[in-house]
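Input: a single structure, listed below in structure tokens.
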Amino acid sequence: MLEKVKAEIGDLYPLIPDPEYEGRGLESQATLWKSAKKDDGPPGYLVPVAYLWTRTVRCKNPACGATVPLVRQTWLCRKKDRFVALKIIAPEGEKKVRFEVVESRTEKGLGFDPASFSKAGNATCPFCGTVADSDYVKAEGCSKRMGQQMMVVVCTRPGRQGKVYLSADDYLEFAPDDESIRQRIEALCRRTGLTVPSEKIEARMTGGICLPYGLTDFGKLFNPRQMLCLLTFAAAVREVAGQAASLSIDEARTRAVQTYLAIHVNRTADYNSTICSWHNTGEKIGHTFGRQALPMVWDFTELAPFGEASGSPQGALDWIVGVAEAQSETGTPATVTRGSATALPWPAASFDAVVTDPPYYDNVGYGILSDFFYVWLKRTIGYLYSEHFATEGTPKKNEAVADPVRHDGSKEKARAAYEQMMAQSFAEANRVLKPGAPMVVVYAHKTTLGWSTLVGALRSAGFTVTEAWPLDTEGYRLVALNTAALASSIFLTARKREGQETGAYEDEVRPALERIVRERVDSLWKMGITGADLVIAAVGAGLRAFTRFARVEYANGEEVPAKKFLAEVEGVVLETLLEKIFGLPGSGVSAVDGPSRFYVLWRYTYKAAEMDAGEAIVFTYGQNVELDGPKGLSTGRHALVEKKKGKYRLRDFTERGADEKLGLPEDGGAPAPLIDALHRILWLVENQPRALNKFLDDARPDRERLRLVAQALAGRALSGGTEDGSERSVITTAAEQAALKKLVANWRALIDQRLAAELPLFQQEEK
């Protein structure tokens with residue numbers, strides 16, 4: 001199939017004369033591609049593997065009218081001793097920028113910052129300085145006036161390692177002719193009956209974002225050359241039937257081959273859309289679904305399908321063939337059945353195990369996102385499975401997801417429907433499991449509401465959670481460092497609960513909870529598991545104490561709801577963690593004020609991430625603080641937490657420390673939170689060191705507890721620790737981490753001596 005597609009569209013991805021090579025012939029592109037071997041190419045020519053593009057808009061300034069590149073960053077390669085990036089040049093008297101490839105052995109040697117361009121869709125015109133703001137860019141996109149400009153061609157040189165980067169402006173003759181390509185698409189569609197995907201992208205639960213810029217249907221996620229490439233592959237899949245018949249291959253085998261090849265087309269689409277990015281550290285193409293969303297990407301990567309690079313069709317075919325061979329070697333091929341988890345088509349007590357990765361409440365709209373692949377499957381093998389591809393998009397009415405849109409906008413109805421479907425699904429799993437057989441639930445959601453719904457469904461379905469461990473199933477994901485994503489998935493093991501006992505919360509459940517959680521936190525800590533993974537895994541382990549009973553009651557006979565129990569579990573987990581972080585028993589930790597404990601816990605668990613209220617409020621459990629309200633942490637000029645559009649984010653010392661009143665005693669004489677004093681001290685050390693002594697005289701912070709907080713934020717305690725004693729990660733912001741290390745290293749001279757000097761003589765002797 002690859003050779004057939006190459007013969008049809010190979011001319012769209014021309015091999016490029018190598019400027020370092022002499023003695024090259026004048027062969028045609030068809031001859032060149034024919035002579036190119038796998039992992040190699042004809043001598044004297046560079047093999048393209050990718051094309052990097054930027055989206056563009058016309059300058060907002062009518063007097064200028066230049067083409068404004070929306071490129072976010074221009075990094076091409078960031079490796080030891082090799083830094084490559086594109087420099088944007090705005091030639092005088094012209095209205096379109098040029099891109100120049102710059103390479104250096106050091107980042108500083110480039111002479112410019114490749115990451116300093118558009119921010120959140122706001123771009124500055126390189127010619128007149130006018131800002132094309134996000135609203136303007138959206139309007140241009142929706143009016144079909146957003147363009148694209150090729151920046152660079154990424155190539156490989158036969159017989160050599162590494163990538164070669166060529167400025168597209170130096171090789172304009174190799175740029176695609178979009179109008180000619182559109183004509184070829186129309187001719188292909190007339191010949192084969194295929195159509196360009198026009199199915200609409202649903203707005204909700206897709207990650208944001210590409211829709212407001214005019215990318216409203218799946219066809220708009222591909223530029224003309226990408227579309228022709230994918231349609232040519234799709235046509236080749238459909239033609240397999242005729243070729244197989246001529247070779248007397250039976251219908252069932254032909255159907256299987258076409259199905260595998262349809263998956264191949266989907267994989268190629270995943271690596272060849274206009275929302276694919278370039279990974280400059282690995283010099284490879286990132287795929288569309290680096291995360292579960294359809295984001296807006298300002299500088300995107302187009303795959304050159306006949307080069308040897310990540311995401312290439314040849315690589316995809318190798319993966320698929322490998323899976324098929326592995327299946328054939330086992331002698332027990334998988335049986336795939338489409339149906340609903342709420343009504344399994346199998347008899348009772350027939351399964352040795354059930355493993356499920358259920359929908360995460362309202363976290364991801366898998367049904368909506370799966371349409372990206374559905375539209376291509378429909379075009380390749382839809383006629384083979386007409387019962388599964390009869391609708392325009394995937395069926396979503398019965399998807400287990402808390403989507404208010406499907407329930408007249410009611411969040412409560414959406415939650416109830418989700419919980420009911422989850423409970424029914426788990427009840428069906430319980431029915432088909434053999435006695436004593438396990439069910440494994442993979443879960444990586446973070447909010448209390450999501451977890452409480454899961455717990456309630458498990459318990460009502462007759463399951464007891466017996467184990468919970470984090471496993472690294474995520475690998476590399478396209479998730480920014482300042483997000484609150486888990487690095488691992490939590491594997492919950494559950495078994496059928498015997499009997500219908502009622503548990504006493506105070507006498508049975510709470511003591512078991514304390515014991516289980518403390519043991520699990522200790523185990524995970526020693527294993528070097530840190531942050532959110534440790535917290536969520538410990539919470540999962542604590543479910544054992546609750547779910548082993550059909551009902552849990554307080555002493556007054558009132559039932560304990562799952563949400564209330566989860567809050568208790570999270571409180572115990574956080575309390576135990578604080579003891580680990582500070583190296584103190586519970587009584588010692590309680591001597592540290594609530595806002596400071598809150599700050600340390602957040603930094604430990606989610607670093608510099610911003611979070612929704614449901615996640616952020618967890619850190620208030622047991623700390624005697626609140627997020628909002630008159631004395632909330634997000635209120636006033638001293639705010640420790642920034643609240644913006646329903647999201648919460650911790651503020652570090654660079655954002656708070658300049659306030660002259662920060663860290664000083666309150667009007668009633670009560671000492672300020674230690675984190676306030678620490679932030680002011682850090683700011684003074686960095687900016688006004690001569691004013692530090694006066695602040696210490698006025699603030700009079702408890703130096704021992706202050707030292708605990710500073711060391712917790714600066715030292716390896718927050719890394720969870722490893723057997724070799726190495727630090728695992730930086731928890732707070734980079735600026736704060738650097739300032740903390742400097743402060744802790746000079747603690748005696750800067751803090752101890754001054755505060756000790758203020759004590760009466762008898763107290764100094766006691767110290």
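By convention here, the chains of the structure tokens are called A, B, ... in the order presented, each chain's residues are numbered starting at 1, and ligands are numbered starting at 1 in the order presented.
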Could you pull the residues within 9 Å of range 154-165 of chain A, counting only C-alpha atoms, minus those fewer than 3 positions along the same chain, as a PyMOL selection string? chain A and resi 16+18+39-52+76-77+84+101+283+307-309
Residue neighbourhood Met439 in chain A, 6 Å, only C-alpha atoms, exclusion window fewer than 6 positions, as a list of chain:residue names: A:Ala353, A:Val354, A:Val355, A:Thr493, A:Ala494
Output file for the selection above: N, CA and C atoms, as a compact mmCIF listing (two decimals), in the first residue's frame:
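Output file again_33.txt follows:
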# COMPACT_ATOMS: atom_id res chain seq x y z
N ALA A 353 -11.61 -12.18 35.69
CA ALA A 353 -11.23 -10.82 36.10
C ALA A 353 -11.91 -9.82 35.18
N VAL A 354 -12.12 -8.63 35.68
CA VAL A 354 -12.60 -7.50 34.89
C VAL A 354 -11.63 -6.36 35.11
N VAL A 355 -11.14 -5.77 34.02
CA VAL A 355 -10.25 -4.62 34.09
C VAL A 355 -10.91 -3.48 33.32
N THR A 493 -7.97 -2.25 43.14
CA THR A 493 -8.42 -3.63 43.06
C THR A 493 -9.61 -3.81 44.00
N ALA A 494 -10.69 -4.35 43.45
CA ALA A 494 -11.91 -4.56 44.23
C ALA A 494 -12.38 -6.00 44.08
Contact residues around range 638-646 of chain A with only C-alpha atoms at 8 Å, ignoring same-chain residues under 3 positions, as a list in words: Asp612, Ala613, Leu627, Leu633, Ser634, Thr635, Arg649, Leu650, Arg651, Asp652, Arg656, Asp659 and Leu662 of chain A
Select from range 87-138 of chain A everything DSSP, run on the backbone, classes as strand (DSSP E or B), then give the selection as a list in words. Lys87, Ile88, Ile89, Arg98, Phe99, Glu100, Val101, Val102, Glu103, Ser104, Lys119, Asn122, Ala123, Thr124, Val131 and Ala132 of chain A
Could you please take those selected residues and save N, CA and C atoms as a tab-separated table (two decimals), in the first residue's frame?
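Final output, saved to out.tsv:
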chain	number	residue	atom	x	y	z
A	87	LYS	N	15.08	32.48	13.41
A	87	LYS	CA	15.07	33.91	13.68
A	87	LYS	C	14.12	34.57	12.70
A	88	ILE	N	13.20	35.38	13.24
A	88	ILE	CA	12.23	36.07	12.40
A	88	ILE	C	12.84	37.39	11.92
A	89	ILE	N	12.85	37.57	10.61
A	89	ILE	CA	13.41	38.78	10.01
A	89	ILE	C	12.29	39.50	9.26
A	98	ARG	N	10.66	36.75	6.92
A	98	ARG	CA	11.47	35.60	6.50
A	98	ARG	C	11.90	34.84	7.76
A	99	PHE	N	12.16	33.57	7.59
A	99	PHE	CA	12.64	32.75	8.71
A	99	PHE	C	14.05	32.26	8.39
A	100	GLU	N	14.97	32.60	9.28
A	100	GLU	CA	16.37	32.23	9.10
A	100	GLU	C	16.76	31.19	10.15
A	101	VAL	N	17.37	30.08	9.71
A	101	VAL	CA	17.82	29.03	10.62
A	101	VAL	C	19.12	29.48	11.27
A	102	VAL	N	19.15	29.50	12.61
A	102	VAL	CA	20.35	29.89	13.37
A	102	VAL	C	20.74	28.72	14.26
A	103	GLU	N	22.02	28.40	14.27
A	103	GLU	CA	22.51	27.27	15.06
A	103	GLU	C	23.70	27.70	15.90
A	104	SER	N	23.78	27.16	17.13
A	104	SER	CA	24.88	27.50	18.03
A	104	SER	C	25.13	26.32	18.97
A	119	LYS	N	1.67	35.04	22.58
A	119	LYS	CA	1.23	34.52	23.87
A	119	LYS	C	-0.30	34.43	23.85
A	122	ASN	N	-2.15	36.20	21.16
A	122	ASN	CA	-1.84	37.61	20.93
A	122	ASN	C	-0.47	37.72	20.29
A	123	ALA	N	-0.40	38.33	19.10
A	123	ALA	CA	0.87	38.43	18.38
A	123	ALA	C	1.13	39.88	17.98
A	124	THR	N	2.41	40.25	17.99
A	124	THR	CA	2.81	41.61	17.62
A	124	THR	C	3.31	41.63	16.18
A	131	VAL	N	-0.49	45.08	17.95
A	131	VAL	CA	-0.80	43.77	18.52
A	131	VAL	C	-2.07	43.21	17.88
A	132	ALA	N	-1.95	42.03	17.33
A	132	ALA	CA	-3.12	41.28	16.86
A	132	ALA	C	-3.62	40.48	18.06
Residue contacts of Glu660 in chain A (9 Å, only C-alpha atoms) excluding same-chain residues fewer than 4 positions away, as a list in words: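 Selected residues are Leu664, Arg680 and Phe695 of chain A.
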Can I get the selection written as a JSON list (two decimals), in the first residue's frame, with N, CA and C atoms?
[["chain", "number", "residue", "atom", "x", "y", "z"],
["A", 664, "LEU", "N", 4.00, 41.15, 59.03],
["A", 664, "LEU", "CA", 3.99, 41.87, 60.31],
["A", 664, "LEU", "C", 2.79, 41.42, 61.14],
["A", 680, "ARG", "N", 8.25, 37.67, 52.77],
["A", 680, "ARG", "CA", 8.82, 39.01, 52.92],
["A", 680, "ARG", "C", 10.33, 38.93, 53.10],
["A", 695, "PHE", "N", 12.89, 44.42, 59.61],
["A", 695, "PHE", "CA", 11.69, 43.60, 59.47],
["A", 695, "PHE", "C", 11.65, 42.51, 60.53]]
From CA of Met421 in chain A to CA of Gly290 in chain A the spacing works out at 28.4 Å
Separation of CA of Gln73 in chain A from CA of Met151 in chain A, in Å and rounded to one decimal: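 Taking CA of Gln73 in chain A as the start and CA of Met151 in chain A as the end point, the length is 11.7 Å.
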Picked from range 344-407 of chain A by DSSP as helix (DSSP H, G or I), as a PyMOL selection string: chain A and resi 366-369+371-381+404-407
Residue nearest Leu577 in chain A among A:Thr232, A:Thr106, A:Thr530, A:Thr547 (counting only C-alpha atoms):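 Going through A:Thr232, A:Thr106, A:Thr530, A:Thr547 one by one, the smallest distance to Leu577 in chain A is for A:Thr530.
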Could you name the residues that touch range 377-383 of chain A at 12 Å or less, counting only C-alpha atoms, but leaving out those on the same chain fewer than 6 positions away, as JSON, numbers by chain? {"A": [189, 192, 193, 194, 195, 196, 197, 198, 199, 230, 231, 232, 233, 234, 235, 236, 237, 238, 239, 240, 241, 254, 255, 256, 257, 258, 259, 260, 261, 262, 263, 264, 265, 266, 267, 269, 370, 371, 389, 390, 391, 392, 393, 394]}
Work out how far apart CA of Glu202 in chain A and CA of Trp278 in chain A are and give it in Å to one decimal.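 Taking CA of Glu202 in chain A and CA of Trp278 in chain A, their separation equals 26.2 Å.
Within the 10 Å cut-off around Gln424 in chain A, using only C-alpha atoms and omitting residues fewer than 6 positions from it on the same chain, the listed residues are Ala341, Thr342, Ala343, Tyr418, Asn430, Ala457, Leu458, Ser460 and Ala461 of chain A.
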Using all heavy atoms, can you write the selected residues to a file as a compact mmCIF listing (two decimals), in the first residue's frame?
# COMPACT_ATOMS: atom_id res chain seq x y z
N ALA A 341 -21.55 -1.20 28.83
CA ALA A 341 -21.10 -1.78 30.09
C ALA A 341 -22.25 -1.91 31.08
O ALA A 341 -22.14 -2.65 32.06
CB ALA A 341 -20.00 -0.91 30.71
N THR A 342 -23.36 -1.24 30.82
CA THR A 342 -24.51 -1.33 31.73
C THR A 342 -25.36 -2.57 31.46
O THR A 342 -26.28 -2.87 32.22
CB THR A 342 -25.41 -0.08 31.60
OG1 THR A 342 -25.89 0.01 30.25
CG2 THR A 342 -24.62 1.17 31.94
N ALA A 343 -25.06 -3.30 30.39
CA ALA A 343 -25.83 -4.52 30.07
C ALA A 343 -24.90 -5.49 29.34
O ALA A 343 -24.93 -5.61 28.12
CB ALA A 343 -27.05 -4.18 29.21
N TYR A 418 -24.68 10.13 35.63
CA TYR A 418 -23.35 9.51 35.58
C TYR A 418 -23.20 8.48 36.69
O TYR A 418 -22.73 7.36 36.46
CB TYR A 418 -22.28 10.60 35.71
CG TYR A 418 -20.87 10.07 35.90
CD1 TYR A 418 -20.13 9.60 34.81
CD2 TYR A 418 -20.28 10.04 37.16
CE1 TYR A 418 -18.84 9.12 34.98
CE2 TYR A 418 -19.00 9.57 37.34
CZ TYR A 418 -18.28 9.11 36.25
OH TYR A 418 -17.01 8.63 36.42
N ASN A 430 -19.90 -7.07 38.59
CA ASN A 430 -20.05 -7.96 39.75
C ASN A 430 -20.78 -9.24 39.34
O ASN A 430 -20.41 -10.35 39.73
CB ASN A 430 -20.83 -7.22 40.85
CG ASN A 430 -20.86 -7.99 42.16
OD1 ASN A 430 -21.23 -9.15 42.21
ND2 ASN A 430 -20.47 -7.31 43.23
N ALA A 457 -20.47 4.36 43.61
CA ALA A 457 -20.87 3.36 42.62
C ALA A 457 -20.29 1.99 42.97
O ALA A 457 -20.98 0.97 42.86
CB ALA A 457 -20.42 3.80 41.23
N LEU A 458 -19.03 1.95 43.38
CA LEU A 458 -18.41 0.68 43.74
C LEU A 458 -19.12 0.04 44.92
O LEU A 458 -19.41 -1.17 44.93
CB LEU A 458 -16.93 0.90 44.08
CG LEU A 458 -15.96 1.05 42.91
CD1 LEU A 458 -14.60 1.53 43.41
CD2 LEU A 458 -15.81 -0.27 42.17
N SER A 460 -22.21 0.60 46.13
CA SER A 460 -23.59 0.20 45.86
C SER A 460 -23.66 -1.02 44.96
O SER A 460 -24.64 -1.77 44.99
CB SER A 460 -24.37 1.36 45.23
OG SER A 460 -23.85 1.67 43.94
N ALA A 461 -22.59 -1.26 44.17
CA ALA A 461 -22.55 -2.43 43.30
C ALA A 461 -22.05 -3.67 44.03
O ALA A 461 -21.99 -4.75 43.44
CB ALA A 461 -21.65 -2.16 42.09
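Shortest separation to Leu15 in chain A among A:Val592, A:Cys229, A:Val153, A:Ile201 occurs at residue A:Val153, atoms counted being only C-alpha atoms.
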Within 12 Å of range 294-301 of chain A, which residues of range 306-422 of chain A come that close, and what is the closest atom pair and distance in Å for each? Count only C-alpha atoms and give it as CSV.
residue,atom,partner,partner_atom,distance
A:Ser310,CA,A:Thr301,CA,11.7
A:Gly311,CA,A:Thr301,CA,11.2
A:Val364,CA,A:Leu294,CA,11.2
A:Gly365,CA,A:Leu294,CA,10.8
A:Tyr366,CA,A:Leu294,CA,11.4
A:Ile368,CA,A:Leu294,CA,10.2
A:Leu369,CA,A:Leu294,CA,7.6
A:Ser370,CA,A:Leu294,CA,10.7
A:Asp371,CA,A:Leu294,CA,11.2
A:Phe372,CA,A:Leu294,CA,9.3
From the set A:Asp593, A:Ala616, A:His287, A:Thr654, which residue has the shortest atom-to-atom contact distance to Ala670 in chain A, counting only C-alpha atoms? A:Asp593
When you look at Glu514 in chain A with a cut-off of 10 Å (counting only C-alpha atoms), what residues show up, excluding the ones that are within fewer than 6 positions of it in the same chain? I need them as JSON, numbers by chain. {"A": [542, 545, 568, 569, 572, 573, 576]}
Would you write out those residues with all heavy atoms, as a tab-separated table (two decimals), in the first residue's frame?
chain	number	residue	atom	x	y	z
A	542	GLY	N	-7.15	4.12	51.39
A	542	GLY	CA	-8.04	4.36	52.52
A	542	GLY	C	-9.48	3.94	52.28
A	542	GLY	O	-10.26	3.78	53.23
A	545	ALA	N	-11.24	0.80	54.19
A	545	ALA	CA	-11.91	0.88	55.48
A	545	ALA	C	-13.40	1.17	55.34
A	545	ALA	O	-14.21	0.76	56.17
A	545	ALA	CB	-11.25	1.98	56.33
A	568	GLU	N	-12.57	13.03	54.96
A	568	GLU	CA	-11.84	12.52	56.12
A	568	GLU	C	-10.55	11.83	55.68
A	568	GLU	O	-9.48	12.01	56.27
A	568	GLU	CB	-12.72	11.53	56.89
A	568	GLU	CG	-13.95	12.15	57.55
A	568	GLU	CD	-13.62	12.80	58.88
A	568	GLU	OE1	-12.48	12.65	59.34
A	568	GLU	OE2	-14.50	13.46	59.45
A	569	VAL	N	-10.65	11.01	54.64
A	569	VAL	CA	-9.46	10.30	54.13
A	569	VAL	C	-8.40	11.30	53.70
A	569	VAL	O	-7.22	11.18	54.06
A	569	VAL	CB	-9.83	9.38	52.95
A	569	VAL	CG1	-8.58	8.72	52.38
A	569	VAL	CG2	-10.82	8.32	53.38
A	572	VAL	N	-6.64	12.91	56.63
A	572	VAL	CA	-5.66	12.04	57.27
A	572	VAL	C	-4.40	11.93	56.41
A	572	VAL	O	-3.27	11.95	56.91
A	572	VAL	CB	-6.26	10.64	57.53
A	572	VAL	CG1	-5.19	9.70	58.07
A	572	VAL	CG2	-7.41	10.74	58.51
A	573	VAL	N	-4.59	11.80	55.09
A	573	VAL	CA	-3.44	11.72	54.18
A	573	VAL	C	-2.58	12.97	54.29
A	573	VAL	O	-1.35	12.90	54.43
A	573	VAL	CB	-3.91	11.52	52.72
A	573	VAL	CG1	-2.74	11.68	51.76
A	573	VAL	CG2	-4.55	10.15	52.55
A	576	THR	N	-0.75	13.21	57.65
A	576	THR	CA	0.39	12.28	57.69
A	576	THR	C	1.54	12.80	56.84
A	576	THR	O	2.71	12.69	57.20
A	576	THR	CB	-0.05	10.89	57.18
A	576	THR	OG1	-1.21	10.47	57.91
A	576	THR	CG2	1.06	9.87	57.37
Rank A:Ala168, A:Ala348, A:Val744, A:Leu674 by their smallest atom-to-atom distance to Gln149 in chain A, using only C-alpha atoms, and report the top residue only.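 Of A:Ala168, A:Ala348, A:Val744, A:Leu674, the one nearest Gln149 in chain A is A:Ala168, counting only C-alpha atoms.
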